[in-house]
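coords21.cif follows (mmCIF, C-alpha atoms and all ligand atoms):
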```cif
data_final
loop_
_atom_site.label_atom_id
_atom_site.label_comp_id
_atom_site.auth_asym_id
_atom_site.auth_seq_id
_atom_site.Cartn_x
_atom_site.Cartn_y
_atom_site.Cartn_z
CA MET E 1 0.00 0.00 0.00
CA ALA E 2 1.35 3.43 -0.94
CA MET E 3 2.33 5.76 1.87
CA LYS E 4 -0.01 8.61 2.70
CA LEU E 5 1.36 12.11 3.15
CA TYR E 6 -0.96 14.52 4.96
CA GLU E 7 -0.24 18.00 3.62
CA LEU E 8 -1.65 21.44 4.36
CA CYS E 9 -3.88 22.87 1.62
CA GLY E 10 -5.70 26.09 0.87
CA ALA E 11 -9.32 26.59 -0.22
CA ASP E 12 -8.09 25.02 -3.45
CA GLU E 13 -7.06 21.51 -2.39
CA THR E 14 -4.36 21.47 -5.03
CA ASN E 15 -2.66 24.52 -3.47
CA LEU E 16 -0.15 22.82 -1.17
CA PHE E 17 1.92 25.51 0.48
CA SER E 18 3.36 24.25 3.78
CA PRO E 19 7.16 24.66 3.85
CA HIS E 20 7.55 21.64 6.13
CA CYS E 21 5.38 19.41 3.92
CA TRP E 22 7.54 20.34 0.93
CA LYS E 23 10.60 19.10 2.79
CA THR E 24 8.90 15.72 3.12
CA ARG E 25 7.59 15.67 -0.44
CA LEU E 26 11.10 16.12 -1.80
CA SER E 27 12.48 13.60 0.73
CA LEU E 28 10.07 10.96 -0.62
CA ALA E 29 10.88 11.90 -4.21
CA HIS E 30 14.63 11.78 -3.41
CA LYS E 31 14.19 8.20 -2.22
CA GLY E 32 11.93 7.29 -5.13
CA LEU E 33 9.14 6.23 -2.74
CA ALA E 34 5.54 6.33 -3.99
CA PHE E 35 3.03 8.21 -1.88
CA GLU E 36 -0.43 9.62 -2.09
CA THR E 37 -1.26 13.11 -0.89
CA VAL E 38 -4.06 13.74 1.59
CA PRO E 39 -4.76 17.48 1.48
CA VAL E 40 -5.80 18.85 4.89
CA PRO E 41 -6.98 22.39 5.70
CA PHE E 42 -5.75 24.18 8.86
CA THR E 43 -8.86 23.19 10.84
CA GLY E 44 -8.26 19.49 10.11
CA VAL E 45 -4.57 19.29 11.03
CA ALA E 46 -4.78 18.70 14.82
CA THR E 47 -6.87 15.53 14.48
CA ILE E 48 -5.06 13.82 11.58
CA GLU E 49 -4.87 10.03 12.14
CA GLY E 50 -6.80 10.27 15.41
CA GLY E 51 -4.42 12.87 16.90
CA THR E 52 -5.33 15.78 19.13
CA ASN E 53 -2.50 18.26 18.64
CA ARG E 54 -0.82 17.36 15.39
CA LYS E 55 1.10 19.47 12.93
CA VAL E 56 1.81 18.61 9.31
CA PRO E 57 3.56 16.86 7.70
CA VAL E 58 2.25 13.52 8.95
CA LEU E 59 3.23 10.33 7.13
CA ARG E 60 1.32 7.05 7.34
CA ASP E 61 3.43 4.08 6.22
CA GLY E 62 1.75 0.73 6.90
CA ASP E 63 1.27 0.59 10.67
CA SER E 64 3.58 3.55 11.35
CA VAL E 65 2.48 7.17 11.72
CA VAL E 66 5.32 9.69 11.81
CA GLU E 67 5.01 13.45 12.34
CA GLU E 68 7.54 16.29 11.78
CA SER E 69 9.65 16.73 8.68
CA TYR E 70 13.04 15.88 10.22
CA ALA E 71 11.61 12.87 12.11
CA ILE E 72 10.08 11.66 8.85
CA ALA E 73 13.41 12.05 7.03
CA LEU E 74 15.12 9.98 9.76
CA TYR E 75 12.34 7.38 9.57
CA LEU E 76 12.75 7.07 5.79
CA GLU E 77 16.52 6.86 6.11
CA GLU E 78 16.27 4.04 8.66
CA ASN E 79 13.47 2.10 7.03
CA TYR E 80 14.49 2.42 3.38
CA PRO E 81 18.28 2.02 3.58
CA GLU E 82 18.54 0.75 0.01
CA THR E 83 17.31 4.09 -1.41
CA PRO E 84 19.49 7.23 -1.91
CA SER E 85 20.56 8.70 1.43
CA LEU E 86 19.10 11.98 2.70
CA PHE E 87 22.06 12.60 5.03
CA ARG E 88 25.11 10.54 3.97
CA GLY E 89 25.87 9.51 7.52
CA GLU E 90 25.92 10.83 11.08
CA GLY E 91 27.91 13.95 10.15
CA GLY E 92 25.24 14.81 7.60
CA LYS E 93 22.50 14.47 10.21
CA ALA E 94 24.40 16.69 12.65
CA MET E 95 25.05 19.40 10.04
CA THR E 96 21.41 19.33 8.98
CA GLN E 97 20.59 20.65 12.45
CA MET E 98 22.58 23.79 11.65
CA VAL E 99 20.71 24.27 8.38
CA ILE E 100 17.34 23.78 10.14
CA ALA E 101 18.31 26.34 12.79
CA TRP E 102 19.53 28.84 10.17
CA SER E 103 16.41 28.43 8.08
CA THR E 104 14.12 28.73 11.12
CA VAL E 105 15.83 31.83 12.49
CA HIS E 106 16.67 33.72 9.28
CA ILE E 107 14.46 32.54 6.40
CA HIS E 108 11.05 31.52 7.77
CA PRO E 109 10.43 34.85 9.58
CA VAL E 110 11.25 36.91 6.47
CA ILE E 111 8.86 34.86 4.37
CA ALA E 112 6.13 35.07 7.03
CA ARG E 113 6.60 38.84 6.92
CA MET E 114 6.37 38.86 3.11
CA ALA E 115 3.39 36.56 2.72
CA LEU E 116 1.20 36.47 5.83
CA LEU E 117 -1.85 38.06 4.22
CA ASP E 118 -1.39 36.05 1.02
CA ILE E 119 -1.45 32.83 3.08
CA HIS E 120 -4.64 34.01 4.79
CA ASP E 121 -6.25 34.87 1.44
CA ARG E 122 -5.59 31.37 0.08
CA LEU E 123 -7.65 29.68 2.82
CA ALA E 124 -11.34 28.75 2.98
CA PRO E 125 -13.38 31.08 5.28
CA ILE E 126 -13.39 28.68 8.27
CA ASP E 127 -9.61 28.25 8.01
CA GLN E 128 -9.11 32.00 7.60
CA ALA E 129 -10.87 32.48 10.96
CA PHE E 130 -8.62 29.82 12.57
CA PHE E 131 -5.47 31.27 11.01
CA ARG E 132 -6.37 34.80 12.06
CA ALA E 133 -7.18 33.83 15.65
CA THR E 134 -4.04 31.70 16.20
CA ARG E 135 -1.61 34.08 14.46
CA GLU E 136 -3.02 37.25 16.01
CA LYS E 137 -2.64 35.66 19.45
CA LEU E 138 0.95 34.73 18.60
CA PHE E 139 1.92 38.16 17.21
CA GLY E 140 -0.14 40.23 19.65
CA MET E 141 -1.54 42.30 16.77
CA THR E 142 -3.85 41.92 13.78
CA LEU E 143 -2.58 40.29 10.59
CA GLU E 144 -2.93 43.65 8.86
CA GLU E 145 -0.89 45.45 11.57
CA PHE E 146 1.76 42.73 11.39
CA SER E 147 1.97 43.01 7.61
CA GLN E 148 2.24 46.80 7.74
CA THR E 149 4.71 47.16 10.59
CA ARG E 150 6.87 44.10 9.88
CA ALA E 151 6.71 44.05 6.07
CA ALA E 152 9.71 42.41 4.43
CA THR E 153 10.89 42.77 0.84
CA PRO E 154 12.72 40.57 -1.68
CA ALA E 155 15.87 42.49 -0.63
CA ASP E 156 15.39 41.23 2.95
CA LEU E 157 15.03 37.72 1.59
CA ALA E 158 18.19 38.06 -0.51
CA ALA E 159 20.05 39.27 2.61
CA ALA E 160 18.82 36.27 4.60
CA LEU E 161 19.94 33.95 1.80
CA ALA E 162 23.42 35.51 1.40
CA PRO E 163 25.22 32.53 3.01
CA LEU E 164 23.61 30.16 0.49
CA GLU E 165 24.39 32.50 -2.45
CA ASN E 166 27.99 32.58 -1.25
CA MET E 167 28.24 28.78 -0.86
CA LEU E 168 26.72 28.13 -4.29
CA ALA E 169 29.78 29.76 -5.89
CA ARG E 170 31.70 26.65 -4.77
CA GLN E 171 29.22 23.80 -5.05
CA SER E 172 25.88 23.07 -6.68
CA TYR E 173 23.94 21.99 -3.57
CA ILE E 174 24.23 22.10 0.21
CA GLY E 175 24.77 18.35 -0.16
CA GLY E 176 27.66 18.93 -2.64
CA GLU E 177 27.21 17.64 -6.19
CA THR E 178 23.70 16.38 -5.45
CA PRO E 179 21.09 17.52 -2.91
CA LEU E 180 20.44 16.16 0.57
CA PHE E 181 17.65 16.75 3.09
CA ALA E 182 19.46 19.97 4.11
CA ASP E 183 18.72 21.37 0.64
CA TYR E 184 15.03 20.59 1.08
CA VAL E 185 15.07 22.36 4.46
CA VAL E 186 15.83 25.64 2.66
CA PHE E 187 13.78 24.79 -0.43
CA GLY E 188 10.66 24.42 1.80
CA PRO E 189 10.26 28.06 2.87
CA LEU E 190 11.09 29.36 -0.63
CA GLN E 191 8.46 27.04 -2.05
CA TRP E 192 6.07 28.37 0.61
CA LEU E 193 6.49 31.86 -0.86
CA ARG E 194 6.21 30.61 -4.42
CA THR E 195 3.03 28.63 -3.75
CA VAL E 196 1.22 31.50 -2.06
CA GLN E 197 2.50 34.40 -4.16
CA GLY E 198 3.04 32.65 -7.49
CA GLU E 199 6.72 33.59 -7.71
CA SER E 200 9.87 32.77 -5.78
CA GLY E 201 10.88 36.35 -4.94
CA LEU E 202 14.47 35.44 -5.85
CA PRO E 203 16.66 37.60 -8.10
CA GLN E 204 16.66 35.53 -11.29
CA ASP E 205 20.33 36.29 -12.02
CA GLY E 206 21.39 34.83 -8.66
CA LYS E 207 22.82 31.43 -7.87
CA VAL E 208 20.05 30.73 -5.37
CA ALA E 209 17.49 31.02 -8.19
CA VAL E 210 19.47 28.52 -10.30
CA TRP E 211 19.64 26.13 -7.31
CA PHE E 212 15.92 26.61 -6.53
CA ASN E 213 14.84 26.07 -10.16
CA SER E 214 16.92 22.91 -10.39
CA LEU E 215 15.18 21.54 -7.27
CA LEU E 216 11.79 22.45 -8.76
CA ASP E 217 12.64 20.44 -11.88
CA MET E 218 14.22 17.46 -10.10
CA TYR E 219 12.44 14.10 -9.65
CA GLY E 220 10.21 14.61 -12.69
CA GLY E 221 9.30 18.13 -11.61
CA GLU E 222 7.88 17.10 -8.20
CA GLY E 223 8.36 20.67 -6.98
CA ARG E 224 6.12 21.95 -9.75
CA LYS E 225 3.25 19.61 -8.78
CA GLY E 226 0.47 20.55 -6.40
CA ALA E 227 1.72 24.07 -6.21
CA ALA E 228 -0.42 25.99 -8.66
CA ALA E 229 -0.56 29.58 -7.50
CA ALA E 230 -2.00 32.23 -9.76
N1 LIG V 301 9.11 21.46 12.90
C1 LIG V 301 7.90 21.00 12.27
C2 LIG V 301 6.97 22.18 11.99
C3 LIG V 301 5.58 21.74 11.55
C4 LIG V 301 4.60 22.90 11.40
O1 LIG V 301 4.78 23.97 12.01
N2 LIG V 301 3.58 22.68 10.56
C5 LIG V 301 2.57 23.72 10.38
C6 LIG V 301 2.26 23.91 8.90
S1 LIG V 301 3.62 24.62 8.02
C7 LIG V 301 1.27 23.25 11.00
O2 LIG V 301 0.95 22.08 11.02
N3 LIG V 301 0.48 24.20 11.51
C8 LIG V 301 -0.81 23.87 12.06
C9 LIG V 301 -1.32 24.98 12.93
O3 LIG V 301 -0.70 26.03 12.97
O4 LIG V 301 -2.34 24.74 13.55
C10 LIG V 301 8.27 20.23 10.99
O5 LIG V 301 9.36 20.48 10.45
O6 LIG V 301 7.50 19.37 10.55
#
```
Since I need it in another form, could you write the structure as structure tokens?
Amino acid sequence: MAMKLYELCGADETNLFSPHCWKTRLSLAHKGLAFETVPVPFTGVATIEGGTNRKVPVLRDGDSVVEESYAIALYLEENYPETPSLFRGEGGKAMTQMVIAWSTVHIHPVIARMALLDIHDRLAPIDQAFFRATREKLFGMTLEEFSQTRAATPADLAAALAPLENMLARQSYIGGETPLFADYVVFGPLQWLRTVQGESGLPQDGKVAVWFNSLLDMYGGEGRKGAAAA
């Protein structure tokens, strides 16, 4: 039986925009593992697979249910050892933690500041109400106030991505000649922006854009599936 990947969707079920789900999508594609997508709106996430407080991605594989993009990558690495590695060993796993931390601290917040209202606008009315209530509590201000006072620009994004731009002068991927999970960790938030705004926000003459476009095209164009954003 094919694995099931529970992924966040907008009002349009084909608009899959969660950065963390994209990390898992590309992890499965990297390993050549077949899966079927189960699109879930914000208000359905907590109770996926009988849960009470879940977040996506959630993967169902036979009798196993695994949640959280890094935990899923480790699960796939352990359970499908004959497929291409996502880490290339213990050192790769350890260094991935640095990439996750960098992406969480420097990239995710900039994209949230660029696209908060666009994310809201992509949701069905009941999910918009949920998104507004949870995010306004978190930020201590309305979505509109947040977007006005904390607005970020493509220049802010380019500044956050400067270490990657710099590194790509020496090698094609974070993983070296071919990508690893660490590449998908950074791909995820950029895909988040692309799938809610319709464009990547990256300077097209930059090395990050070349890297990002090559990941979009990889694995039969997996990155271009389920991401229609007009
Ligand atoms: N560290 C987790 C983060 C998961 C996460 O934050 N998922 C978000 C969607 S991008 C979610 O499920 N949000 C549900 C909510 O906010 O209620 C991972 O990498 O999987």
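Here the question is which of E:Phe35, E:Tyr80, E:Phe212, E:Phe130 gets nearest to ligand LIG 301 (chain V) using only C-alpha atoms and all ligand atoms, and that residue is E:Phe130.
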Near ligand LIG 301 (chain V), 7 Å: chain E residue rows, closest pairs, only C-alpha atoms and all ligand atoms, as CSV:
```
residue,atom,partner,partner_atom,distance
E:Leu8,CA,V:LIG301,C6,6.5
E:Ser18,CA,V:LIG301,S1,4.3
E:Pro19,CA,V:LIG301,S1,5.5
E:His20,CA,V:LIG301,O5,4.8
E:Cys21,CA,V:LIG301,S1,6.9
E:Phe42,CA,V:LIG301,O4,5.8
E:Val45,CA,V:LIG301,C8,6.0
E:Ala46,CA,V:LIG301,O4,6.6
E:Arg54,CA,V:LIG301,O2,6.7
E:Lys55,CA,V:LIG301,O2,3.2
E:Val56,CA,V:LIG301,O2,4.0
E:Pro57,CA,V:LIG301,O6,5.5
E:Glu67,CA,V:LIG301,O6,6.7
E:Glu68,CA,V:LIG301,O6,3.3
E:Ser69,CA,V:LIG301,O6,3.9
E:Tyr70,CA,V:LIG301,O5,5.9
```
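Using only C-alpha atoms for every distance, the candidate list E:Phe187, E:Tyr75, E:Phe131, E:Trp192 yields E:Phe187 as the residue closest to Val210 of chain E.
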Which one of E:Gly198, E:Pro125, E:Pro41, E:Gly89 sits closest to Phe181 of chain E if you count all atoms listed in the file? E:Gly89
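The space separating atom CA of Leu16 of chain E from atom CA of Tyr219 of chain E comes to 17.5 Å.
Nearest to Ala71 of chain E of all the residues E:Arg194, E:His106, E:Lys23, E:Arg150 is E:Lys23, based on all atoms listed in the file.
Atom CA of Leu180 of chain E lies 27.6 Å from atom CA of Ile119 of chain E.
If you look at atom CA of Ser103 of chain E and atom CA of Ser147 of chain E, they are 20.5 Å away from each other.
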Which residues are close to Ala133 of chain E, i.e. within 9 Å by only C-alpha atoms, leaving aside same-chain residues fewer than 5 positions away? Reply as a PDB file with C-alpha atoms, keeping the file's coordinate frame.
```pdb
ATOM      1  CA  GLN E 128      -9.110  32.000   7.600  1.00  0.00           C
ATOM      2  CA  LEU E 138       0.950  34.730  18.600  1.00  0.00           C
ATOM      3  CA  THR E 142      -3.850  41.920  13.780  1.00  0.00           C
TER       4      THR E 142
END
```
Is it possible to get the residues within 9 Å of (-5.5, 21.7, -0.3) (coordinates as in the file, counting all atoms listed in the file) written as a PyMOL selection string? chain E and resi 7-17+38-41+123+226
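Compared by their closest atoms to Gly92 of chain E, and using all atoms listed in the file, the residues E:Glu36, E:Asp61, E:Asp156, E:Asp183 rank with E:Asp183 nearest.
Shown here are all protein and nucleic acid residues lying within 6 Å of (1.6, 32.1, -0.2), with all atoms listed in the file considered: Ala115, Asp118, Ile119, Trp192, Leu193, Thr195, Val196 and Gln197 of chain E.
Each of E:Ala94, E:Val208, E:Lys4, E:Ile100 was compared to Val58 of chain E using all atoms listed in the file, and E:Lys4 turns out to be the nearest.
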Can you tell me, as JSON, numbers by chain, what residues are no more than 12 Å from Thr149 of chain E when counting all atoms listed in the file, ignoring any on the same chain fewer than 4 positions away? {"E": [113, 114, 139, 141, 142, 143, 144, 145]}
Non-local contacts of Gly221 of chain E (12 Å; only C-alpha atoms; under 4 positions in same chain excluded) as a PyMOL selection string: chain E and resi 25-26+29-30+212-217+225-227
